[in-house]
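Novice: Structure file data_4.cif (mmCIF, C-alpha atoms) right here:
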data_coords
loop_
_atom_site.label_atom_id
_atom_site.label_comp_id
_atom_site.auth_asym_id
_atom_site.auth_seq_id
_atom_site.Cartn_x
_atom_site.Cartn_y
_atom_site.Cartn_z
CA MET A 1 84.44 12.40 -13.37
CA GLU A 2 82.26 15.13 -11.89
CA LEU A 3 82.45 18.65 -13.32
CA LYS A 4 84.53 21.24 -11.49
CA LEU A 5 82.29 24.28 -11.36
CA ASN A 6 82.72 27.79 -10.05
CA ARG A 7 79.12 28.63 -10.92
CA PRO A 8 76.09 26.59 -12.04
CA ILE A 9 75.85 25.25 -15.58
CA CYS A 10 72.55 24.57 -17.33
CA PHE A 11 72.48 21.78 -19.87
CA PHE A 12 69.44 22.15 -22.07
CA ASP A 13 67.81 20.79 -25.21
CA LEU A 14 65.03 22.09 -27.44
CA GLU A 15 62.54 20.34 -29.66
CA THR A 16 61.15 22.77 -32.22
CA THR A 17 58.87 23.29 -35.19
CA GLY A 18 61.92 23.33 -37.49
CA THR A 19 65.49 24.54 -37.90
CA ASP A 20 65.05 28.20 -38.91
CA ILE A 21 66.34 30.23 -35.96
CA CYS A 22 64.34 33.32 -36.92
CA LYS A 23 61.04 31.69 -37.80
CA ASP A 24 60.68 28.42 -35.91
CA ARG A 25 59.43 27.97 -32.36
CA ILE A 26 60.08 25.76 -29.33
CA VAL A 27 57.66 22.88 -28.63
CA GLU A 28 59.63 21.33 -25.75
CA ILE A 29 62.46 22.52 -23.53
CA SER A 30 64.32 20.59 -20.87
CA ILE A 31 66.91 22.09 -18.52
CA LEU A 32 69.28 20.24 -16.20
CA LYS A 33 70.96 22.68 -13.80
CA VAL A 34 74.13 21.42 -12.11
CA TYR A 35 75.48 23.35 -9.12
CA PRO A 36 79.12 23.57 -7.95
CA ASN A 37 78.29 21.40 -4.92
CA GLY A 38 77.00 18.63 -7.20
CA ASN A 39 73.32 19.25 -6.59
CA LYS A 40 71.06 19.10 -9.65
CA GLU A 41 67.60 20.28 -10.57
CA SER A 42 65.66 19.51 -13.72
CA ARG A 43 62.68 21.09 -15.44
CA THR A 44 60.91 20.07 -18.65
CA TRP A 45 58.06 21.87 -20.35
CA LEU A 46 55.95 21.17 -23.42
CA VAL A 47 55.30 24.45 -25.20
CA ASN A 48 52.45 25.60 -27.42
CA PRO A 49 54.23 27.18 -30.43
CA GLU A 50 51.03 28.96 -31.51
CA ARG A 51 51.43 27.50 -34.99
CA THR A 52 51.03 24.17 -36.75
CA ILE A 53 53.87 21.73 -36.22
CA PRO A 54 55.03 20.43 -39.65
CA PRO A 55 54.57 16.67 -40.24
CA GLN A 56 58.27 16.19 -40.99
CA THR A 57 59.26 17.49 -37.55
CA ILE A 58 56.54 15.45 -35.82
CA VAL A 59 58.18 12.35 -37.30
CA PHE A 60 61.46 13.50 -35.74
CA HIS A 61 60.34 14.26 -32.16
CA GLY A 62 56.79 12.88 -31.93
CA ILE A 63 55.24 16.08 -30.54
CA THR A 64 51.90 16.80 -32.23
CA ASP A 65 49.62 19.84 -32.29
CA GLU A 66 47.18 17.97 -30.05
CA LYS A 67 49.88 17.22 -27.51
CA VAL A 68 50.73 20.91 -27.00
CA ALA A 69 47.30 22.45 -27.58
CA ASN A 70 46.70 23.09 -23.86
CA GLU A 71 50.32 23.78 -22.89
CA PRO A 72 51.67 27.27 -22.05
CA THR A 73 53.22 29.42 -24.76
CA PHE A 74 56.90 30.26 -24.52
CA LYS A 75 56.01 33.84 -23.66
CA GLU A 76 54.20 32.50 -20.60
CA LEU A 77 57.23 30.41 -19.64
CA ALA A 78 59.98 32.87 -20.56
CA HIS A 79 60.57 34.35 -17.11
CA GLN A 80 60.66 30.89 -15.47
CA VAL A 81 63.21 29.73 -18.02
CA HIS A 82 65.31 32.87 -17.63
CA ASN A 83 65.25 32.66 -13.84
CA ILE A 84 66.79 29.19 -14.04
CA ILE A 85 69.57 30.05 -16.49
CA LYS A 86 70.36 33.68 -15.64
CA ASP A 87 73.18 32.86 -13.17
CA SER A 88 74.59 29.96 -15.17
CA ASP A 89 76.89 28.94 -17.97
CA LEU A 90 75.21 26.87 -20.69
CA GLY A 91 75.83 23.40 -22.08
CA GLY A 92 74.23 21.38 -24.84
CA TYR A 93 74.63 19.26 -27.94
CA ASN A 94 74.99 21.42 -31.07
CA SER A 95 73.87 24.19 -28.75
CA ASP A 96 76.22 26.90 -30.01
CA ARG A 97 74.84 26.66 -33.54
CA PHE A 98 71.17 25.96 -32.81
CA ASP A 99 69.74 25.72 -29.29
CA ILE A 100 71.31 28.88 -27.82
CA PRO A 101 70.53 31.09 -30.86
CA LEU A 102 66.92 29.87 -31.01
CA LEU A 103 66.43 30.22 -27.24
CA ALA A 104 67.79 33.77 -27.45
CA GLU A 105 65.27 34.61 -30.17
CA GLU A 106 62.38 33.20 -28.14
CA LEU A 107 63.44 35.11 -25.00
CA LEU A 108 63.86 38.38 -26.88
CA ARG A 109 60.47 37.94 -28.58
CA ALA A 110 58.98 37.45 -25.10
CA GLY A 111 60.55 40.71 -23.90
CA VAL A 112 63.24 39.03 -21.78
CA ASP A 113 66.71 40.46 -22.38
CA PHE A 114 69.34 37.78 -22.97
CA ASP A 115 72.99 37.77 -23.93
CA MET A 116 76.17 35.74 -23.39
CA LYS A 117 78.36 38.56 -22.04
CA ASN A 118 78.80 37.17 -18.55
CA ARG A 119 78.63 33.46 -19.31
CA VAL A 120 80.28 30.81 -21.45
CA SER A 121 78.90 27.82 -23.29
CA VAL A 122 80.16 24.26 -23.74
CA ASP A 123 79.02 22.46 -26.89
CA VAL A 124 79.45 18.75 -26.17
CA GLN A 125 78.95 17.95 -29.86
CA THR A 126 82.07 19.91 -30.75
CA ILE A 127 84.19 17.89 -28.31
CA PHE A 128 82.67 14.72 -29.71
CA HIS A 129 83.22 15.72 -33.33
CA LYS A 130 86.79 16.80 -32.68
CA LYS A 131 87.50 13.50 -30.99
CA GLU A 132 85.25 10.88 -32.59
CA GLU A 133 82.71 12.40 -35.06
CA ARG A 134 79.44 10.65 -34.23
CA THR A 135 75.75 11.40 -33.54
CA LEU A 136 74.32 11.93 -30.04
CA SER A 137 73.03 8.34 -29.82
CA ALA A 138 76.38 6.99 -30.99
CA ALA A 139 78.17 9.32 -28.58
CA TYR A 140 76.12 8.00 -25.67
CA LYS A 141 76.87 4.41 -26.66
CA PHE A 142 80.56 5.17 -27.26
CA TYR A 143 81.24 7.13 -24.08
CA CYS A 144 78.70 5.70 -21.67
CA GLY A 145 78.28 2.16 -23.03
CA GLN A 146 74.49 2.45 -23.09
CA ILE A 147 71.70 2.69 -25.66
CA LEU A 148 69.98 6.09 -25.64
CA GLU A 149 66.32 5.33 -25.01
CA ASN A 150 63.76 7.91 -26.17
CA ALA A 151 66.26 9.74 -28.38
CA HIS A 152 64.91 13.10 -29.59
CA SER A 153 62.93 13.68 -26.44
CA ALA A 154 64.34 16.81 -24.85
CA GLU A 155 64.73 15.28 -21.39
CA ALA A 156 66.52 12.13 -22.58
CA ASP A 157 68.84 14.13 -24.84
CA THR A 158 69.61 16.64 -22.07
CA ASN A 159 70.57 13.99 -19.51
CA ALA A 160 72.57 12.06 -22.11
CA THR A 161 74.51 15.22 -22.97
CA TYR A 162 75.44 15.75 -19.31
CA GLU A 163 76.57 12.14 -18.89
CA ILE A 164 78.59 12.26 -22.13
CA LEU A 165 80.53 15.35 -21.03
CA LYS A 166 81.52 13.68 -17.76
CA SER A 167 82.67 10.59 -19.65
CA GLN A 168 84.64 12.75 -22.12
CA LEU A 169 86.53 14.25 -19.17
CA ASP A 170 87.32 10.74 -17.96
CA ARG A 171 88.52 9.62 -21.39
CA TYR A 172 90.60 12.58 -22.59
CA ASP A 173 93.43 13.65 -20.31
CA ASP A 174 94.02 16.81 -22.36
CA LEU A 175 90.53 18.13 -21.62
CA GLU A 176 90.66 20.39 -18.58
CA ASN A 177 87.83 20.00 -16.07
CA ASP A 178 87.07 23.70 -16.18
CA ILE A 179 84.01 25.22 -17.84
CA ARG A 180 85.84 28.19 -19.38
CA SER A 181 88.50 25.91 -20.85
CA LEU A 182 85.82 23.60 -22.23
CA ALA A 183 83.99 26.60 -23.66
CA GLU A 184 87.16 27.72 -25.45
CA TYR A 185 87.73 24.19 -26.76
CA THR A 186 84.21 24.00 -28.19
CA THR A 187 84.23 27.45 -29.78
CA ARG A 188 84.33 27.07 -33.57
CA LYS A 189 84.99 30.72 -34.45
CA VAL A 190 84.71 34.10 -32.79
CA ASN A 191 81.21 35.27 -33.62
CA VAL A 192 79.75 38.33 -31.97
CA ASP A 193 76.17 37.27 -32.68
CA PHE A 194 74.89 33.70 -32.55
CA ALA A 195 74.06 33.46 -36.26
CA GLY A 196 77.54 34.54 -37.35
CA PHE A 197 76.56 37.64 -39.32
CA ILE A 198 78.98 39.66 -37.19
CA ALA A 199 82.38 38.25 -36.17
CA LYS A 200 85.73 39.50 -34.92
CA ASP A 201 88.82 39.87 -37.08
CA LYS A 202 92.39 39.07 -36.02
CA ASP A 203 92.57 42.43 -34.24
CA GLY A 204 89.42 41.73 -32.23
CA GLU A 205 87.28 44.27 -34.11
CA GLU A 206 83.74 43.51 -35.30
CA ILE A 207 83.32 42.79 -39.01
CA PHE A 208 80.39 41.80 -41.21
CA THR A 209 80.60 38.26 -42.59
CA PHE A 210 78.02 38.51 -45.37
CA GLY A 211 76.83 40.56 -48.32
CA LYS A 212 78.45 43.55 -49.97
CA HIS A 213 80.28 44.53 -46.78
CA LYS A 214 81.68 41.07 -46.06
CA GLY A 215 84.98 41.48 -44.21
CA ALA A 216 84.44 45.21 -43.59
CA LYS A 217 84.61 46.67 -40.10
CA VAL A 218 81.14 47.26 -38.69
CA GLU A 219 81.94 50.71 -37.26
CA LYS A 220 83.36 51.88 -40.59
CA VAL A 221 80.26 50.69 -42.48
CA LEU A 222 77.97 52.44 -39.98
CA ASP A 223 79.95 55.64 -40.57
CA GLN A 224 80.06 55.47 -44.35
CA GLU A 225 76.59 54.01 -44.95
CA PRO A 226 74.27 54.83 -42.02
CA GLY A 227 71.28 53.41 -43.86
CA TYR A 228 72.78 49.92 -43.68
CA TYR A 229 71.89 49.77 -39.98
CA GLY A 230 68.25 50.57 -40.72
CA TRP A 231 68.14 48.00 -43.51
CA ILE A 232 69.33 45.24 -41.17
CA GLN A 233 66.90 46.31 -38.44
CA ASN A 234 63.96 46.08 -40.86
CA ALA A 235 65.10 42.92 -42.68
CA ASP A 236 64.65 39.27 -41.69
CA PHE A 237 67.72 39.00 -39.44
CA PRO A 238 67.71 37.35 -35.98
CA LEU A 239 66.68 39.61 -33.13
CA TYR A 240 69.96 38.90 -31.37
CA THR A 241 71.94 40.06 -34.42
CA LYS A 242 69.95 43.30 -34.40
CA LYS A 243 70.57 43.68 -30.66
CA VAL A 244 74.33 43.24 -31.14
CA LEU A 245 74.44 45.73 -34.00
CA THR A 246 72.54 48.28 -31.92
CA ALA A 247 75.02 47.83 -29.06
CA ILE A 248 77.94 48.48 -31.43
CA LYS A 249 76.23 51.60 -32.77
CA LEU A 250 75.50 52.91 -29.26
CA ARG A 251 79.05 52.16 -28.14
CA LYS A 252 80.43 54.12 -31.08
CA LEU A 253 78.11 57.03 -30.31
CA ASN A 254 79.07 57.04 -26.64
CA ASN A 255 82.76 57.01 -27.57
CA LYS A 256 82.22 60.08 -29.73
CA LEU A 257 80.43 61.90 -26.91
CA ALA A 258 83.01 60.93 -24.28
#
Would you mind giving the structure from this file in structure tokens?
Specialist:
Amino acid sequence: MELKLNRPICFFDLETTGTDICKDRIVEISILKVYPNGNKESRTWLVNPERTIPPQTIVFHGITDEKVANEPTFKELAHQVHNIIKDSDLGGYNSDRFDIPLLAEELLRAGVDFDMKNRVSVDVQTIFHKKEERTLSAAYKFYCGQILENAHSAEADTNATYEILKSQLDRYDDLENDIRSLAEYTTRKVNVDFAGFIAKDKDGEEIFTFGKHKGAKVEKVLDQEPGYYGWIQNADFPLYTKKVLTAIKLRKLNNKLA
């Protein structure tokens, strides 16, 4: 079953120096862009992370310091990457919890503004886990009947993710072939930022999900303890979380001035 698209969707996968969204860096990125007419384009880049790649992650993806020594940095690639994805929804495997948050951090560090306001994301892993609970390689074998060669290379994982989603649509009649419906199905909870430090309550208002103000409304905290905003901005929180908090603060200020 081919995807029914109203706009392009970019499936992508990252290989990185580790799993810390704030501190780790991309060493490989592959993007498969699928257009509503069925056309596809694919780009894959090795990336110099400008730091040593830990041995434990080299074992995982096989990308060494020597392999990326002469490759472009992400800052040098950021505008190319953004130009591909800027008009598209996003798809991936565990992408809502890892790939999208880390990509957002890299883009913001490179001075490229990025948010999810006008796009949705489909996390193929969530569909898989809700239906079967397996790994990517097992998912590929289960849904597509094939062995995933070169697992943990960004390009192989990206193409496998795309093929799995199409097979999931074939298998499950209750899955609607519509990107927004799939995005809603794969959403685990309503976070405002990628890392989940700010979420929405049952009334749709932003709340903090951590620390001494856990469960408190963000606007109320900013009113009663203005210094809390500055503490978050200067602490080791993701750049996207800081961007979201700033937007809430500016919105509140604009509402007061209106």
Novice: What gap, in Å, lies between atom CA of A:Lys130 and atom CA of A:Arg180?
Specialist: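 Separation of atom CA of A:Lys130 and atom CA of A:Arg180: 17.5 Å.
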Novice: Just want the 12 Å neighbourhood of A:Ala156, counted on all atoms listed in the file, with same-chain residues fewer than 3 positions away dropped. Output as number ranges by chain.
Specialist: A: 11-15, 28-32, 42, 44, 61, 136-137, 140, 147-153, 159-163
Novice: Give me, as a PDB file with C-alpha atoms, in the frame of the given file, all polymer residues having an atom no more than 9 Å from stretch 174-179 of chain A, counting only C-alpha atoms and skipping those fewer than 4 positions away in the same chain.
Specialist:
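The resulting file, result.pdb, is reproduced below:
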ATOM      1  CA  MET A   1      84.440  12.400 -13.370  1.00  0.00           C
ATOM      2  CA  GLU A   2      82.260  15.130 -11.890  1.00  0.00           C
ATOM      3  CA  LEU A   3      82.450  18.650 -13.320  1.00  0.00           C
ATOM      4  CA  LYS A   4      84.530  21.240 -11.490  1.00  0.00           C
ATOM      5  CA  LEU A   5      82.290  24.280 -11.360  1.00  0.00           C
ATOM      6  CA  ASN A   6      82.720  27.790 -10.050  1.00  0.00           C
ATOM      7  CA  ILE A   9      75.850  25.250 -15.580  1.00  0.00           C
ATOM      8  CA  ASP A  89      76.890  28.940 -17.970  1.00  0.00           C
ATOM      9  CA  VAL A 120      80.280  30.810 -21.450  1.00  0.00           C
ATOM     10  CA  SER A 121      78.900  27.820 -23.290  1.00  0.00           C
ATOM     11  CA  VAL A 122      80.160  24.260 -23.740  1.00  0.00           C
ATOM     12  CA  GLN A 168      84.640  12.750 -22.120  1.00  0.00           C
ATOM     13  CA  LEU A 169      86.530  14.250 -19.170  1.00  0.00           C
ATOM     14  CA  ASP A 170      87.320  10.740 -17.960  1.00  0.00           C
ATOM     15  CA  ALA A 183      83.990  26.600 -23.660  1.00  0.00           C
ATOM     16  CA  GLU A 184      87.160  27.720 -25.450  1.00  0.00           C
ATOM     17  CA  TYR A 185      87.730  24.190 -26.760  1.00  0.00           C
TER      18      TYR A 185
END
Novice: The PyMOL selection byres ((chain A and resi 82) around 12) - which residues does that actually catch in the file I just gave you? List them as an mmCIF file with C-alpha atoms, in the frame of the given file.
Specialist:
data_model
loop_
_atom_site.group_PDB
_atom_site.id
_atom_site.type_symbol
_atom_site.label_atom_id
_atom_site.label_comp_id
_atom_site.auth_asym_id
_atom_site.auth_seq_id
_atom_site.Cartn_x
_atom_site.Cartn_y
_atom_site.Cartn_z
ATOM 1 C CA CYS A 10 72.550 24.570 -17.330
ATOM 2 C CA ILE A 31 66.910 22.090 -18.520
ATOM 3 C CA PHE A 74 56.900 30.260 -24.520
ATOM 4 C CA LYS A 75 56.010 33.840 -23.660
ATOM 5 C CA GLU A 76 54.200 32.500 -20.600
ATOM 6 C CA LEU A 77 57.230 30.410 -19.640
ATOM 7 C CA ALA A 78 59.980 32.870 -20.560
ATOM 8 C CA HIS A 79 60.570 34.350 -17.110
ATOM 9 C CA GLN A 80 60.660 30.890 -15.470
ATOM 10 C CA VAL A 81 63.210 29.730 -18.020
ATOM 11 C CA ASN A 83 65.250 32.660 -13.840
ATOM 12 C CA ILE A 84 66.790 29.190 -14.040
ATOM 13 C CA ILE A 85 69.570 30.050 -16.490
ATOM 14 C CA LYS A 86 70.360 33.680 -15.640
ATOM 15 C CA ASP A 87 73.180 32.860 -13.170
ATOM 16 C CA SER A 88 74.590 29.960 -15.170
ATOM 17 C CA LEU A 90 75.210 26.870 -20.690
ATOM 18 C CA LEU A 103 66.430 30.220 -27.240
ATOM 19 C CA ALA A 104 67.790 33.770 -27.450
ATOM 20 C CA GLU A 106 62.380 33.200 -28.140
ATOM 21 C CA LEU A 107 63.440 35.110 -25.000
ATOM 22 C CA LEU A 108 63.860 38.380 -26.880
ATOM 23 C CA ALA A 110 58.980 37.450 -25.100
ATOM 24 C CA GLY A 111 60.550 40.710 -23.900
ATOM 25 C CA VAL A 112 63.240 39.030 -21.780
ATOM 26 C CA ASP A 113 66.710 40.460 -22.380
ATOM 27 C CA PHE A 114 69.340 37.780 -22.970
ATOM 28 C CA ASP A 115 72.990 37.770 -23.930
#
Novice: To one decimal place in Å, what is the distance between atom CA of A:Pro101 and atom CA of A:Tyr240?
Specialist: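 Separation between atom CA of A:Pro101 and atom CA of A:Tyr240: 7.8 Å.
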Novice: One decimal, in Å: what's the spacing between atom CA of A:Asn70 and atom CA of A:Asn48?
Specialist: 7.2 Å
Novice: Which is closest to A:Asp24 among A:Leu102, A:Leu46, A:Leu182, A:Val190, if we use all atoms listed in the file?
Specialist: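 Smallest distance to A:Asp24 is found for A:Leu102.
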Novice: Between A:Val27, A:Val34, A:Ala139, A:Leu165, which one has atoms that come closest to A:Thr52, using only C-alpha atoms?
Specialist: A:Val27
Novice: Please enclose the listed atoms of stretch 151-164 of chain A in an axis-aligned box, pad each side by 4 Å, and write out the centre and the three edge lengths in Å, rounded to one decimal, as JSON.
Specialist:
{"center_x": 70.8, "center_y": 13.3, "center_z": -24.2, "size_x": 23.7, "size_y": 15.1, "size_z": 18.7}
Novice: With the PyMOL selection byres ((chain A and resi 215-217) around 12) as the selection, what would be picked from this file? Answer as a list in words, please.
Specialist: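 For this structure, the PyMOL selection byres ((chain A and resi 215-217) around 12) captures Phe197, Ile198, Ala199, Lys200, Asp201, Lys202, Asp203, Gly204, Glu205, Glu206, Ile207, Phe208, Thr209, Phe210, Gly211, Lys212, His213, Lys214, Val218, Glu219, Lys220, Val221, Leu222, Asp223, Gln224, Glu225, Leu245 and Ile248 of chain A.
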Novice: Please produce a file of those selected residues containing C-alpha atoms, as a tab-separated table (two decimals), in the frame of the given file.
Specialist:
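Full text of again-v7.tsv as output:
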chain	number	residue	atom	x	y	z
A	197	PHE	CA	76.56	37.64	-39.32
A	198	ILE	CA	78.98	39.66	-37.19
A	199	ALA	CA	82.38	38.25	-36.17
A	200	LYS	CA	85.73	39.50	-34.92
A	201	ASP	CA	88.82	39.87	-37.08
A	202	LYS	CA	92.39	39.07	-36.02
A	203	ASP	CA	92.57	42.43	-34.24
A	204	GLY	CA	89.42	41.73	-32.23
A	205	GLU	CA	87.28	44.27	-34.11
A	206	GLU	CA	83.74	43.51	-35.30
A	207	ILE	CA	83.32	42.79	-39.01
A	208	PHE	CA	80.39	41.80	-41.21
A	209	THR	CA	80.60	38.26	-42.59
A	210	PHE	CA	78.02	38.51	-45.37
A	211	GLY	CA	76.83	40.56	-48.32
A	212	LYS	CA	78.45	43.55	-49.97
A	213	HIS	CA	80.28	44.53	-46.78
A	214	LYS	CA	81.68	41.07	-46.06
A	218	VAL	CA	81.14	47.26	-38.69
A	219	GLU	CA	81.94	50.71	-37.26
A	220	LYS	CA	83.36	51.88	-40.59
A	221	VAL	CA	80.26	50.69	-42.48
A	222	LEU	CA	77.97	52.44	-39.98
A	223	ASP	CA	79.95	55.64	-40.57
A	224	GLN	CA	80.06	55.47	-44.35
A	225	GLU	CA	76.59	54.01	-44.95
A	245	LEU	CA	74.44	45.73	-34.00
A	248	ILE	CA	77.94	48.48	-31.43
Novice: For the provided coordinates, the residues matched by the PyMOL selection byres ((chain A and resi 65) around 9) should be stated as a list in words.
Specialist: Asn48, Pro49, Arg51, Thr52, Ile53, Ile58, Ile63, Thr64, Glu66, Lys67, Val68 and Ala69 of chain A
Novice: Between A:Gln56, A:Thr126, A:Gly227, A:Arg109, which residue has the minimum interatomic distance to A:Lys243, considering all atoms listed in the file?
Specialist: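 The answer is A:Arg109, which sits nearest to A:Lys243.
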Novice: Could you pull the residues within 9 Å of A:Lys242, counting only C-alpha atoms, minus those fewer than 3 positions along the same chain, as a short mmCIF file (atom, residue, chain, number, x, y, z; two decimals) with C-alpha atoms, in the frame of the given file?
Specialist:
data_model
loop_
_atom_site.label_atom_id
_atom_site.label_comp_id
_atom_site.auth_asym_id
_atom_site.auth_seq_id
_atom_site.Cartn_x
_atom_site.Cartn_y
_atom_site.Cartn_z
CA ASP A 193 76.17 37.27 -32.68
CA TYR A 229 71.89 49.77 -39.98
CA ILE A 232 69.33 45.24 -41.17
CA GLN A 233 66.90 46.31 -38.44
CA PHE A 237 67.72 39.00 -39.44
CA PRO A 238 67.71 37.35 -35.98
CA LEU A 239 66.68 39.61 -33.13
CA LEU A 245 74.44 45.73 -34.00
CA THR A 246 72.54 48.28 -31.92
CA ALA A 247 75.02 47.83 -29.06
#
Novice: Find, counting only C-alpha atoms, the residue in A:Asn94, A:Thr158, A:Thr57, A:Thr186 that gets nearest to A:Lys33.
Specialist: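 Counting only C-alpha atoms, the residue closest to A:Lys33 is A:Thr158.
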